[in-house]
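Visitor: Sharing my_file_37.txt (compact mmCIF, C-alpha atoms) below.
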```txt
# COMPACT_ATOMS: atom_id res chain seq x y z
CA MET A 789 -16.78 2.82 21.25
CA LYS A 790 -18.45 -0.17 22.83
CA LYS A 791 -19.56 2.03 25.66
CA LEU A 792 -21.12 4.46 23.26
CA LEU A 793 -22.98 1.67 21.53
CA ILE A 794 -24.30 0.44 24.83
CA ILE A 795 -25.45 3.93 25.70
CA ALA A 796 -27.18 4.18 22.34
CA ILE A 797 -28.90 0.86 22.81
CA VAL A 798 -29.94 1.69 26.36
CA LEU A 799 -31.32 5.03 25.24
CA PHE A 800 -33.22 3.29 22.50
CA GLY A 801 -34.54 0.78 24.95
CA MET A 802 -35.83 3.62 27.09
CA SER A 803 -37.82 4.93 24.15
CA PRO A 804 -41.18 5.05 25.92
CA LEU A 805 -39.66 7.45 28.44
CA LEU A 806 -38.31 9.79 25.85
CA LYS A 807 -40.17 12.26 23.82
CA ALA A 808 -38.96 11.27 20.38
CA GLN A 809 -35.94 9.58 19.00
CA MET A 810 -34.69 7.72 16.00
CA LEU A 811 -32.25 5.05 15.04
CA ASN A 812 -30.89 5.33 11.56
CA LEU A 813 -29.00 2.83 9.47
CA ASN A 814 -27.42 4.16 6.30
CA TYR A 815 -25.65 2.84 3.27
CA GLN A 816 -23.02 5.35 2.18
CA ILE A 817 -21.18 6.33 -0.94
CA SER A 818 -18.19 8.60 -0.39
CA VAL A 819 -16.27 10.71 -2.83
CA PRO A 820 -12.73 11.48 -1.64
CA LEU A 821 -11.40 15.02 -2.00
CA GLY A 822 -8.08 16.79 -1.54
CA ASP A 823 -5.14 14.89 -0.09
CA LEU A 824 -7.25 11.82 0.40
CA SER A 825 -8.03 11.64 -3.30
CA ASP A 826 -4.31 11.85 -4.05
CA PHE A 827 -4.03 8.48 -2.38
CA THR A 828 -7.30 6.85 -3.39
CA ASP A 829 -9.19 8.88 -5.94
CA LYS A 830 -11.98 6.42 -6.57
CA ALA A 831 -15.40 6.86 -5.01
CA SER A 832 -16.08 4.44 -2.20
CA PHE A 833 -19.16 2.28 -2.52
CA ARG A 834 -18.34 0.48 0.68
CA GLY A 835 -19.68 2.43 3.58
CA MET A 836 -22.32 2.48 6.27
CA ASP A 837 -23.16 4.20 9.46
CA ILE A 838 -25.42 3.81 12.43
CA GLU A 839 -26.92 6.90 13.95
CA TYR A 840 -28.99 7.64 16.96
CA HIS A 841 -30.84 10.92 17.31
CA LYS A 842 -32.94 12.26 20.13
CA PHE A 843 -35.23 15.22 19.77
CA MET A 844 -34.51 17.89 22.35
CA THR A 845 -37.26 20.15 20.95
CA ASP A 846 -39.64 19.81 18.01
CA ARG A 847 -37.03 21.04 15.62
CA PHE A 848 -33.71 20.22 17.22
CA SER A 849 -32.10 16.84 17.76
CA MET A 850 -28.82 15.65 19.23
CA GLY A 851 -27.31 12.37 18.21
CA LEU A 852 -24.40 10.09 17.74
CA ALA A 853 -23.11 8.47 14.56
CA VAL A 854 -20.59 5.69 14.07
CA GLY A 855 -19.58 4.80 10.55
CA TRP A 856 -17.21 2.82 8.42
CA ASN A 857 -16.00 3.75 4.96
CA VAL A 858 -13.55 1.87 2.81
CA PHE A 859 -11.65 3.59 0.04
CA TYR A 860 -9.75 1.37 -2.35
CA GLN A 861 -7.74 1.81 -5.46
CA ASP A 862 -5.44 -0.42 -7.44
CA GLU A 863 -2.89 1.13 -9.69
CA ASN A 864 -1.35 -1.09 -12.29
CA HIS A 865 2.31 -0.64 -12.92
CA ALA A 866 2.81 2.42 -10.76
CA THR A 867 6.23 3.74 -9.78
CA GLY A 868 7.01 5.20 -6.40
CA ASN A 869 9.89 5.80 -4.01
CA PHE A 870 9.80 3.92 -0.74
CA HIS A 871 11.75 3.66 2.48
CA PHE A 872 12.16 0.46 4.37
CA LYS A 873 12.08 0.39 8.13
CA GLY A 874 15.55 0.82 9.56
CA ASN A 875 16.95 1.93 6.24
CA ASP A 876 17.00 5.54 5.16
CA ASN A 877 17.66 4.83 1.54
CA LEU A 878 15.04 5.37 -1.11
CA TYR A 879 14.05 2.43 -3.24
CA THR A 880 12.26 3.02 -6.51
CA MET A 881 9.62 0.37 -6.99
CA THR A 882 7.34 -0.31 -9.89
CA GLY A 883 4.51 -2.76 -9.63
CA ASN A 884 0.85 -3.06 -8.94
CA GLN A 885 -0.10 -0.87 -6.01
CA TYR A 886 -3.08 -1.69 -3.86
CA ARG A 887 -4.20 1.20 -1.73
CA TYR A 888 -6.72 1.12 1.08
CA VAL A 889 -8.13 3.71 3.42
CA ASN A 890 -10.43 2.51 6.17
CA THR A 891 -12.00 5.21 8.25
CA VAL A 892 -14.31 4.95 11.25
CA PRO A 893 -15.86 8.31 12.15
CA ILE A 894 -17.45 8.69 15.56
CA MET A 895 -19.33 11.93 15.84
CA ALA A 896 -21.83 13.78 17.95
CA ILE A 897 -24.37 15.36 15.63
CA GLY A 898 -26.75 18.25 16.15
CA ARG A 899 -29.58 18.66 13.67
CA TYR A 900 -32.06 21.39 13.03
CA PHE A 901 -35.24 20.41 11.18
CA LEU A 902 -36.73 23.01 8.89
CA THR A 903 -40.24 21.64 9.37
CA ASP A 904 -41.95 20.02 12.31
CA GLY A 905 -42.64 16.33 12.69
CA THR A 906 -45.94 16.42 10.85
CA SER A 907 -44.76 17.18 7.33
CA ALA A 908 -44.28 14.47 4.75
CA VAL A 909 -40.73 15.57 3.98
CA GLN A 910 -38.62 16.92 6.80
CA PRO A 911 -35.43 18.59 5.57
CA PHE A 912 -32.67 19.19 8.08
CA LEU A 913 -29.29 20.84 8.49
CA GLY A 914 -26.76 19.23 10.77
CA LEU A 915 -23.27 19.49 12.09
CA GLY A 916 -21.23 16.63 13.44
CA ALA A 917 -17.96 16.74 15.34
CA GLY A 918 -15.79 14.06 16.83
CA ALA A 919 -12.92 11.80 15.90
CA ARG A 920 -12.20 9.32 13.21
CA TRP A 921 -9.88 6.34 13.22
CA THR A 922 -8.19 6.18 9.85
CA GLU A 923 -6.02 3.37 8.59
CA LYS A 924 -3.99 3.87 5.45
CA ARG A 925 -2.49 0.86 3.76
CA LEU A 926 -0.37 0.42 0.68
CA GLU A 927 0.71 -2.87 -0.83
CA VAL A 928 3.24 -3.26 -3.58
CA GLY A 929 4.63 -6.67 -4.44
CA GLN A 930 5.40 -8.52 -1.24
CA TYR A 931 5.81 -5.26 0.66
CA SER A 932 3.20 -3.31 2.50
CA SER A 933 2.90 -0.42 4.87
CA THR A 934 0.06 0.30 7.24
CA LEU A 935 -0.43 3.36 9.35
CA SER A 936 -3.38 4.29 11.48
CA ARG A 937 -4.17 7.35 13.54
CA TRP A 938 -7.01 9.26 15.17
CA GLN A 939 -8.06 12.42 13.41
CA PHE A 940 -10.25 15.21 14.72
CA THR A 941 -13.17 15.53 12.43
CA PHE A 942 -16.23 17.63 11.74
CA ALA A 943 -18.97 17.23 9.18
CA PRO A 944 -21.77 19.57 8.16
CA GLU A 945 -24.70 17.87 6.48
CA VAL A 946 -27.95 18.46 4.71
CA GLY A 947 -30.63 15.87 4.35
CA MET A 948 -34.20 14.94 4.65
CA LEU A 949 -36.32 12.56 6.58
CA VAL A 950 -39.31 11.03 4.81
CA PRO A 951 -41.52 9.14 7.27
CA PHE A 952 -43.50 6.23 5.84
CA ASN A 953 -45.52 5.94 9.00
CA ASP A 954 -44.88 6.85 12.61
CA GLN A 955 -42.29 4.11 13.00
CA ILE A 956 -40.26 3.83 9.85
CA GLY A 957 -38.95 6.37 7.44
CA LEU A 958 -36.36 7.08 4.82
CA ASN A 959 -33.24 9.14 5.40
CA VAL A 960 -31.37 10.78 2.54
CA ALA A 961 -28.40 13.00 3.34
CA ALA A 962 -25.20 14.47 2.02
CA ARG A 963 -22.34 15.18 4.36
CA TYR A 964 -19.03 16.89 3.88
CA SER A 965 -16.39 15.46 6.21
CA TYR A 966 -13.12 17.01 7.19
CA GLY A 967 -10.44 15.34 9.30
CA THR A 968 -7.18 16.91 10.44
CA LYS A 969 -4.00 15.35 9.12
CA ALA A 970 -2.08 13.11 11.47
CA SER A 971 1.41 11.73 11.83
CA HIS A 972 2.95 14.72 10.03
CA GLY A 973 0.72 14.27 7.04
CA ARG A 974 1.43 10.59 6.54
CA ILE A 975 -2.24 10.18 7.35
CA PRO A 976 -3.58 12.75 4.92
CA GLU A 977 -6.01 15.49 5.68
CA PHE A 978 -9.33 13.73 5.32
CA GLN A 979 -11.93 15.22 3.05
CA SER A 980 -14.90 13.54 1.52
CA VAL A 981 -18.48 14.07 0.49
CA THR A 982 -20.63 11.22 1.70
CA PHE A 983 -24.08 10.41 0.43
CA SER A 984 -26.24 8.44 2.81
CA VAL A 985 -29.45 6.63 2.20
CA GLY A 986 -31.05 4.51 4.85
CA LEU A 987 -33.91 3.53 7.02
CA VAL A 988 -35.00 5.45 10.09
CA PHE A 989 -36.66 3.69 12.98
CA MET A 990 -38.61 6.18 15.02
CA GLY A 991 -39.65 5.91 18.60
CA ASN A 992 -42.36 8.42 19.51
CA ASN A 993 -43.96 8.89 22.88
CA ASN A 994 -47.41 8.54 21.39
CA ASN A 995 -47.08 5.02 20.10
CA SER A 996 -47.27 1.99 22.27
CA ASN A 997 -45.33 -0.66 20.47
CA GLU A 998 -42.07 -0.74 22.47
CA MET B 208 -39.73 -6.32 16.81
CA LYS B 209 -38.45 -3.04 15.43
CA ARG B 210 -35.24 -3.45 17.35
CA LEU B 211 -34.80 -6.96 16.01
CA LEU B 212 -35.29 -5.75 12.47
CA PHE B 213 -32.74 -3.04 13.07
CA LEU B 214 -30.17 -5.45 14.46
CA LEU B 215 -30.79 -7.80 11.56
CA LEU B 216 -30.27 -5.02 9.05
CA THR B 217 -27.12 -3.86 10.82
CA GLY B 218 -25.71 -7.38 10.67
CA LEU B 219 -26.65 -7.71 7.03
CA PHE B 220 -24.98 -4.42 6.23
CA ALA B 221 -21.76 -5.32 8.00
CA GLN B 222 -21.74 -8.70 6.31
CA LEU B 223 -22.18 -7.09 2.93
CA LEU B 224 -19.34 -4.68 3.57
CA VAL B 225 -16.98 -7.38 4.74
CA SER B 226 -17.76 -9.70 1.87
CA CYS B 227 -17.04 -7.10 -0.74
CA TYR B 228 -13.90 -5.81 0.91
CA PRO B 229 -11.34 -5.21 -1.84
CA GLU B 230 -8.88 -8.02 -2.22
CA GLY B 231 -5.68 -6.76 -3.81
CA ALA B 232 -3.31 -9.07 -5.65
CA ASP B 233 -4.74 -12.23 -7.18
CA ASP B 234 -1.92 -14.23 -8.72
CA ALA B 235 1.87 -14.41 -8.65
CA GLU B 236 2.19 -11.92 -11.45
CA ASP B 237 0.35 -9.26 -9.51
CA TYR B 238 3.15 -9.34 -6.96
CA ASP B 239 5.91 -8.72 -9.50
CA ILE B 240 7.84 -5.57 -8.87
CA ALA B 241 10.89 -3.89 -10.29
CA MET B 242 12.91 -2.34 -7.50
CA THR B 243 16.02 -0.23 -7.91
CA THR B 244 18.31 1.84 -5.79
CA TYR B 245 21.76 3.31 -6.12
CA ASP B 246 24.59 4.97 -4.27
CA ARG B 247 23.18 8.43 -3.69
CA ASP B 248 26.70 9.91 -3.61
CA LYS B 249 26.86 9.18 -7.32
CA ASP B 250 24.95 10.99 -9.99
CA ALA B 251 24.25 10.77 -13.72
CA SER B 252 27.60 12.32 -14.59
CA TYR B 253 29.37 9.67 -12.57
CA PHE B 254 27.46 6.88 -14.30
CA ALA B 255 28.23 8.53 -17.63
CA SER B 256 31.94 8.42 -16.85
CA LEU B 257 31.82 4.63 -16.74
CA LYS B 258 32.38 2.98 -20.10
CA THR B 259 33.13 -0.70 -19.85
CA PHE B 260 31.88 -3.63 -17.86
CA SER B 261 32.47 -7.30 -17.39
CA MET B 262 29.89 -9.85 -16.52
CA PRO B 263 30.16 -13.50 -15.52
CA ASP B 264 28.34 -15.85 -17.89
CA THR B 265 26.31 -17.42 -15.13
CA ILE B 266 23.42 -16.57 -12.90
CA VAL B 267 24.39 -17.53 -9.41
CA TYR B 268 21.56 -19.17 -7.48
CA PHE B 269 21.42 -18.44 -3.81
CA VAL B 270 19.37 -21.42 -2.84
CA ASN B 271 18.45 -23.08 0.39
CA LYS B 272 19.33 -26.74 0.39
CA GLN B 273 17.94 -28.44 -2.71
CA ASP B 274 15.25 -25.90 -3.23
CA ASP B 275 13.98 -26.72 -6.68
CA ILE B 276 11.51 -23.89 -7.22
CA ILE B 277 13.95 -22.13 -9.48
CA GLY B 278 16.39 -25.01 -9.79
CA ASN B 279 16.06 -25.41 -13.52
CA HIS B 280 18.37 -23.13 -15.36
CA GLU B 281 16.53 -23.00 -18.64
CA PHE B 282 15.98 -19.24 -18.44
CA ASP B 283 19.52 -18.32 -17.41
CA GLU B 284 20.84 -17.56 -20.83
CA SER B 285 17.89 -15.47 -21.93
CA ILE B 286 17.98 -13.48 -18.71
CA LEU B 287 21.72 -12.87 -18.96
CA GLN B 288 21.34 -11.74 -22.56
CA LEU B 289 18.53 -9.46 -21.54
CA VAL B 290 20.63 -7.90 -18.77
CA GLU B 291 23.62 -7.47 -21.07
CA LYS B 292 21.44 -5.80 -23.67
CA GLN B 293 20.08 -3.30 -21.17
CA PHE B 294 23.61 -2.19 -20.29
CA THR B 295 24.83 -2.09 -23.89
CA ASP B 296 21.72 -0.16 -24.91
CA LEU B 297 22.73 2.42 -22.34
CA GLY B 298 26.05 2.79 -24.15
CA TYR B 299 28.24 0.67 -21.91
CA GLN B 300 30.59 -1.76 -23.58
CA ARG B 301 30.97 -5.29 -22.40
CA ILE B 302 34.59 -6.44 -22.38
CA ALA B 303 36.14 -9.76 -21.45
CA GLY B 304 38.46 -7.95 -19.12
CA SER B 305 41.92 -8.81 -17.90
CA GLU B 306 44.46 -7.59 -15.39
CA THR B 307 45.69 -5.03 -17.87
CA ASN B 308 42.29 -4.10 -19.21
CA LYS B 309 40.08 -3.79 -16.19
CA PRO B 310 36.42 -2.93 -16.71
CA ASP B 311 34.93 0.16 -15.07
CA PHE B 312 32.32 -1.94 -13.36
CA MET B 313 31.16 -5.52 -12.93
CA VAL B 314 27.64 -6.81 -13.35
CA THR B 315 26.51 -9.81 -11.37
CA VAL B 316 23.17 -11.51 -11.78
CA SER B 317 21.88 -13.56 -8.87
CA ALA B 318 18.72 -15.51 -8.26
CA PHE B 319 17.06 -16.30 -4.96
CA SER B 320 14.99 -19.23 -3.95
CA ASN B 321 13.89 -18.26 -0.51
CA VAL B 322 12.06 -15.25 0.83
CA ASN B 323 14.21 -14.91 3.88
CA TYR B 324 17.50 -15.74 2.36
CA TYR B 325 20.00 -13.00 2.93
CA PHE B 326 22.24 -12.03 0.12
CA VAL B 327 24.94 -10.20 1.97
CA ASN B 328 26.41 -12.76 4.25
CA ASN B 329 29.75 -14.40 4.21
CA ASN B 330 28.39 -16.93 1.80
CA TRP B 331 28.53 -14.49 -1.07
CA TYR B 332 32.18 -15.41 -1.52
CA ASN B 333 31.34 -19.12 -1.55
CA TYR B 334 29.05 -18.59 -4.50
CA TRP B 335 31.13 -16.21 -6.54
CA ASN B 336 34.75 -17.08 -5.93
CA TRP B 337 35.03 -19.03 -9.15
CA TYR B 338 34.87 -15.86 -11.20
CA ASP B 339 38.25 -14.88 -12.67
CA GLY B 340 37.34 -11.22 -12.78
CA TRP B 341 38.00 -10.72 -9.10
CA GLY B 342 41.58 -11.84 -9.72
CA TRP B 343 42.32 -8.80 -11.89
CA TYR B 344 42.44 -6.67 -8.78
CA ASN B 345 45.08 -6.94 -6.12
CA TRP B 346 42.81 -7.99 -3.33
CA ASN B 347 43.43 -10.80 -0.98
CA PHE B 348 40.08 -12.21 -2.11
CA GLY B 349 38.78 -14.87 0.23
CA PRO B 350 35.95 -15.82 2.55
CA GLY B 351 34.27 -12.82 4.09
CA TRP B 352 34.24 -10.82 0.90
CA ALA B 353 30.85 -9.51 -0.01
CA PRO B 354 29.24 -6.69 -1.90
CA TYR B 355 28.68 -3.59 0.14
CA TYR B 356 25.55 -1.51 -0.29
CA PRO B 357 26.65 1.99 0.67
CA TRP B 358 23.06 3.16 0.98
CA SER B 359 22.08 0.70 3.62
CA PRO B 360 23.01 0.85 7.28
CA VAL B 361 21.95 -2.77 7.53
CA SER B 362 23.31 -4.53 4.52
CA VAL B 363 20.76 -7.29 4.43
CA MET B 364 17.66 -7.55 2.39
CA SER B 365 15.18 -10.31 1.93
CA TYR B 366 13.72 -11.11 -1.45
CA ARG B 367 10.79 -13.06 -2.61
CA SER B 368 11.35 -16.51 -3.95
CA GLY B 369 12.40 -16.37 -7.57
CA SER B 370 13.86 -12.88 -7.54
CA ILE B 371 16.60 -11.81 -9.91
CA VAL B 372 19.07 -9.34 -8.48
CA ILE B 373 21.32 -7.36 -10.80
CA ASP B 374 24.20 -5.57 -9.12
CA MET B 375 26.60 -3.04 -10.58
CA LEU B 376 29.79 -3.47 -8.59
CA ASP B 377 32.75 -1.15 -8.41
CA PRO B 378 35.74 -3.45 -7.88
CA SER B 379 38.32 -0.73 -8.33
CA ASN B 380 37.22 1.11 -5.20
CA VAL B 381 37.17 -1.79 -2.85
CA ALA B 382 37.72 -1.27 0.85
CA VAL B 383 40.42 -3.90 1.20
CA THR B 384 40.49 -3.79 4.96
CA SER B 385 36.80 -4.52 5.31
CA ASN B 386 36.54 -6.93 2.34
CA LYS B 387 33.71 -4.92 0.87
CA ILE B 388 33.06 -4.48 -2.83
CA PRO B 389 30.92 -1.36 -3.20
CA VAL B 390 27.68 -1.63 -5.12
CA LEU B 391 26.83 1.28 -7.40
CA TRP B 392 23.36 0.26 -8.47
CA SER B 393 21.01 -2.56 -7.70
CA GLY B 394 18.08 -3.73 -9.75
CA ILE B 395 15.72 -6.33 -8.39
CA ALA B 396 13.10 -8.09 -10.46
CA ASP B 397 11.23 -9.38 -7.49
CA GLY B 398 9.56 -12.76 -7.67
CA ILE B 399 9.64 -13.30 -11.40
CA ILE B 400 10.74 -16.94 -11.52
CA THR B 401 7.63 -18.22 -9.81
CA GLY B 402 4.17 -19.07 -11.01
CA ASN B 403 3.35 -20.15 -14.51
CA GLN B 404 6.46 -21.37 -16.33
CA THR B 405 5.30 -20.20 -19.72
CA SER B 406 5.08 -16.56 -18.70
CA ILE B 407 8.39 -16.39 -16.83
CA LEU B 408 10.45 -14.97 -19.66
CA GLN B 409 7.80 -12.46 -20.52
CA ARG B 410 7.62 -11.30 -16.90
CA ALA B 411 11.41 -11.26 -16.58
CA ASP B 412 11.60 -9.17 -19.69
CA ARG B 413 9.07 -6.70 -18.39
CA GLN B 414 10.51 -6.33 -14.90
CA ILE B 415 14.18 -6.24 -15.90
CA LYS B 416 13.52 -3.62 -18.54
CA GLN B 417 11.52 -1.67 -15.98
CA CYS B 418 14.50 -1.68 -13.60
CA PHE B 419 16.48 0.21 -16.21
CA ALA B 420 13.58 2.37 -17.34
CA GLN B 421 13.13 3.74 -13.83
CA SER B 422 16.86 4.52 -13.46
CA PRO B 423 17.31 7.45 -15.84
CA TYR B 424 20.66 8.37 -14.28
CA LEU B 425 22.30 5.29 -15.83
CA GLY B 426 23.95 5.50 -19.24
CA THR B 427 27.03 6.90 -20.89
CA LYS B 428 25.29 10.07 -22.01
```
Output the file's structure as structure tokens, nothing else.
Guide:
Amino acid sequence: MKKLLIIAIVLFGMSPLLKAQMLNLNYQISVPLGDLSDFTDKASFRGMDIEYHKFMTDRFSMGLAVGWNVFYQDENHATGNFHFKGNDNLYTMTGNQYRYVNTVPIMAIGRYFLTDGTSAVQPFLGLGAGARWTEKRLEVGQYSSTLSRWQFTFAPEVGMLVPFNDQIGLNVAARYSYGTKASHGRIPEFQSVTFSVGLVFMGNNNNSNE
Amino acid sequence: MKRLLFLLLTGLFAQLLVSCYPEGADDAEDYDIAMTTYDRDKDASYFASLKTFSMPDTIVYFVNKQDDIIGNHEFDESILQLVEKQFTDLGYQRIAGSETNKPDFMVTVSAFSNVNYYFVNNNWYNYWNWYDGWGWYNWNFGPGWAPYYPWSPVSVMSYRSGSIVIDMLDPSNVAVTSNKIPVLWSGIADGIITGNQTSILQRADRQIKQCFAQSPYLGTK
């Protein structure tokens, strides 16, 4: 991950050499779906990602995105059956449950822009694929269980880029994410719809600031 | 300049996320849980076949040294009454018991003062040997006797400080050779005798009742 960041930074640093590229920082709201929402069904207002995109042609860009989303839910007075490590008996426990899902998606993203770089609003369609590190945690009373796994993930997206000038713009996007279940379903199949809003820092070959 | 701004924003974002990371439990009460388990070889019809029980009039405190967190016994009587009521409400009858009139099961109520204090060690006998009830059975009751949790390969369990443990014991099916008194059902009101003194009874009431509420297989019907 560190390596990827370095690559992103180096690429950004080389901006005068490249035709056009952008760095994008987003705040994200995610709505969990499917199995994930069985565990934490509340929308997550704790999320962000950092994206780097490089234009291969006028309309097509390739990029990399690293994000972090936190899903949380507390359930008062919930009852569940639990195993303890080294003990195959089921214990029924009632108490306040605190549930957390932390997920870090790392994806390569391809985007196709429906307009060229001169329009005021530049809608795009994208598809990301990669892996996500997901940690699932449950606390009840003094007990807790934590499990984390890698999941394969892909995420189609729609969005738009609204440049303010030739350096800074606004990014608004919606992304559906899917992650394969891991550890025999103990890490649930990941599904969410993520809304991103953020700033885009553009590096174009025709400006001289870098 | 642009890069600096970006880095700044990234840092700000991360900081924001970290600072509003959800926290979980706030006070002692948020940690309270009612925990139950039972011998899975038994079912509701077995529990319905039991009719009578005996119960020592004391909560036995498994304490470390002079641990005074739960040292005052002012709640003992209310808790014992509460436990008795749960069993009688289920249709079981409390009897004094004797050698000729043995109860179908025994109920013991224990309290713990230390998180890592293990219940099922040889010291169980040291705490409970005063109880006459054990004498109604023809065991050679002595040190080494302890309850046996048939559901657990490792018969140890650690509880939070201030936990009340209610055990339903089956003294008529004791494994005399291994000195084990089988446990039929266990209800743990975890951590209730900690925190604010004024709310202890209220919390005990809630958690102990919950132990029975989540065990629908208990009862004479």
Visitor: Can you work out the spacing between CA of Gln293 (chain B) and CA of Tyr886 (chain A) in Å, to one decimal?
Guide: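 Computed distance, CA of Gln293 (chain B) to CA of Tyr886 (chain A), equals 29.0 Å.
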Visitor: At a cut-off of 7 Å, which residues of chain A touch chain B? Count only C-alpha atoms and give the answer as a CSV table (one decimal) with C-alpha atoms, in the frame of the given file.
Guide:
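In the end it all went to selection.csv:
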```csv
chain,number,residue,atom,x,y,z
A,834,ARG,CA,-18.3,0.5,0.7
A,860,TYR,CA,-9.8,1.4,-2.4
A,875,ASN,CA,17.0,1.9,6.2
A,877,ASN,CA,17.7,4.8,1.5
A,878,LEU,CA,15.0,5.4,-1.1
A,879,TYR,CA,14.0,2.4,-3.2
A,880,THR,CA,12.3,3.0,-6.5
A,881,MET,CA,9.6,0.4,-7.0
A,882,THR,CA,7.3,-0.3,-9.9
A,883,GLY,CA,4.5,-2.8,-9.6
A,884,ASN,CA,0.8,-3.1,-8.9
A,886,TYR,CA,-3.1,-1.7,-3.9
A,928,VAL,CA,3.2,-3.3,-3.6
A,929,GLY,CA,4.6,-6.7,-4.4
A,930,GLN,CA,5.4,-8.5,-1.2
```
Visitor: I need the residue nearest Glu306 (chain B) from this list: B:Trp335, B:Lys416, B:Trp343, B:Phe282. Use all atoms listed in the file for the distance.
Guide: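 Answer, going by the shortest atom-to-atom distance: B:Trp343.
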Visitor: Using all atoms listed in the file, which of A:Leu824, A:Val960, A:Ala831, A:Leu813 sits nearest Gly855 (chain A)?
Guide: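 Among A:Leu824, A:Val960, A:Ala831, A:Leu813, it is A:Leu813 that comes nearest to Gly855 (chain A).
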Visitor: Provide the CA of Thr903 (chain A) to CA of Leu915 (chain A) distance in Å, to one decimal place.
Guide: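 According to the coordinates, CA of Thr903 (chain A) and CA of Leu915 (chain A) are separated by 17.3 Å.
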Visitor: In Å, how far is it from CA of Trp341 (chain B) to CA of Met262 (chain B)?
Guide: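 Answer for the CA of Trp341 (chain B) to CA of Met262 (chain B) separation: 11.0 Å.
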Visitor: Taking (33.6, -12.7, 3.4) in the coordinates of the supplied file, I want to know which residues reach to within 12 Å of it, counting all atoms listed in the file; could you give the answer as a list in words?
Guide: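 The residues that fall inside the cut-off are Phe326, Val327, Asn328, Asn329, Asn330, Trp331, Tyr332, Asn333, Tyr334, Trp335, Asn336, Asn347, Phe348, Gly349, Pro350, Gly351, Trp352, Ala353, Pro354, Tyr355, Val383, Thr384, Ser385, Asn386, Lys387 and Ile388 of chain B.
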Visitor: For the selection you just gave me, I'd like the residues written to a file as a PDB file, in the frame of the given file, keeping C-alpha atoms.
Guide:
```
ATOM      1  CA  PHE B 326      22.240 -12.030   0.120  1.00  0.00           C
ATOM      2  CA  VAL B 327      24.940 -10.200   1.970  1.00  0.00           C
ATOM      3  CA  ASN B 328      26.410 -12.760   4.250  1.00  0.00           C
ATOM      4  CA  ASN B 329      29.750 -14.400   4.210  1.00  0.00           C
ATOM      5  CA  ASN B 330      28.390 -16.930   1.800  1.00  0.00           C
ATOM      6  CA  TRP B 331      28.530 -14.490  -1.070  1.00  0.00           C
ATOM      7  CA  TYR B 332      32.180 -15.410  -1.520  1.00  0.00           C
ATOM      8  CA  ASN B 333      31.340 -19.120  -1.550  1.00  0.00           C
ATOM      9  CA  TYR B 334      29.050 -18.590  -4.500  1.00  0.00           C
ATOM     10  CA  TRP B 335      31.130 -16.210  -6.540  1.00  0.00           C
ATOM     11  CA  ASN B 336      34.750 -17.080  -5.930  1.00  0.00           C
ATOM     12  CA  ASN B 347      43.430 -10.800  -0.980  1.00  0.00           C
ATOM     13  CA  PHE B 348      40.080 -12.210  -2.110  1.00  0.00           C
ATOM     14  CA  GLY B 349      38.780 -14.870   0.230  1.00  0.00           C
ATOM     15  CA  PRO B 350      35.950 -15.820   2.550  1.00  0.00           C
ATOM     16  CA  GLY B 351      34.270 -12.820   4.090  1.00  0.00           C
ATOM     17  CA  TRP B 352      34.240 -10.820   0.900  1.00  0.00           C
ATOM     18  CA  ALA B 353      30.850  -9.510  -0.010  1.00  0.00           C
ATOM     19  CA  PRO B 354      29.240  -6.690  -1.900  1.00  0.00           C
ATOM     20  CA  TYR B 355      28.680  -3.590   0.140  1.00  0.00           C
ATOM     21  CA  VAL B 383      40.420  -3.900   1.200  1.00  0.00           C
ATOM     22  CA  THR B 384      40.490  -3.790   4.960  1.00  0.00           C
ATOM     23  CA  SER B 385      36.800  -4.520   5.310  1.00  0.00           C
ATOM     24  CA  ASN B 386      36.540  -6.930   2.340  1.00  0.00           C
ATOM     25  CA  LYS B 387      33.710  -4.920   0.870  1.00  0.00           C
ATOM     26  CA  ILE B 388      33.060  -4.480  -2.830  1.00  0.00           C
TER      27      ILE B 388
END
```
Visitor: As a PDB file, keeping the file's coordinate frame, please: region 308-314 of chain B completed to N, CA and C atoms.
Guide:
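Output contents, as saved in part_28.pdb:
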```
ATOM      1  N   ASN B 308      43.438  -4.826 -18.635  1.00  0.00           N
ATOM      2  CA  ASN B 308      42.290  -4.100 -19.210  1.00  0.00           C
ATOM      3  C   ASN B 308      41.076  -4.298 -18.304  1.00  0.00           C
ATOM      4  N   LYS B 309      41.143  -3.603 -17.168  1.00  0.00           N
ATOM      5  CA  LYS B 309      40.080  -3.790 -16.190  1.00  0.00           C
ATOM      6  C   LYS B 309      38.822  -3.027 -16.598  1.00  0.00           C
ATOM      7  N   PRO B 310      37.671  -3.637 -16.411  1.00  0.00           N
ATOM      8  CA  PRO B 310      36.420  -2.930 -16.710  1.00  0.00           C
ATOM      9  C   PRO B 310      36.140  -1.854 -15.654  1.00  0.00           C
ATOM     10  N   ASP B 311      35.287  -0.899 -16.031  1.00  0.00           N
ATOM     11  CA  ASP B 311      34.930   0.160 -15.070  1.00  0.00           C
ATOM     12  C   ASP B 311      33.985  -0.367 -13.996  1.00  0.00           C
ATOM     13  N   PHE B 312      33.179  -1.326 -14.380  1.00  0.00           N
ATOM     14  CA  PHE B 312      32.320  -1.940 -13.360  1.00  0.00           C
ATOM     15  C   PHE B 312      32.016  -3.392 -13.723  1.00  0.00           C
ATOM     16  N   MET B 313      31.542  -4.118 -12.739  1.00  0.00           N
ATOM     17  CA  MET B 313      31.160  -5.520 -12.930  1.00  0.00           C
ATOM     18  C   MET B 313      29.646  -5.618 -12.784  1.00  0.00           C
ATOM     19  N   VAL B 314      29.075  -6.556 -13.510  1.00  0.00           N
ATOM     20  CA  VAL B 314      27.640  -6.810 -13.350  1.00  0.00           C
ATOM     21  C   VAL B 314      27.466  -8.257 -12.905  1.00  0.00           C
TER      22      VAL B 314
END
```
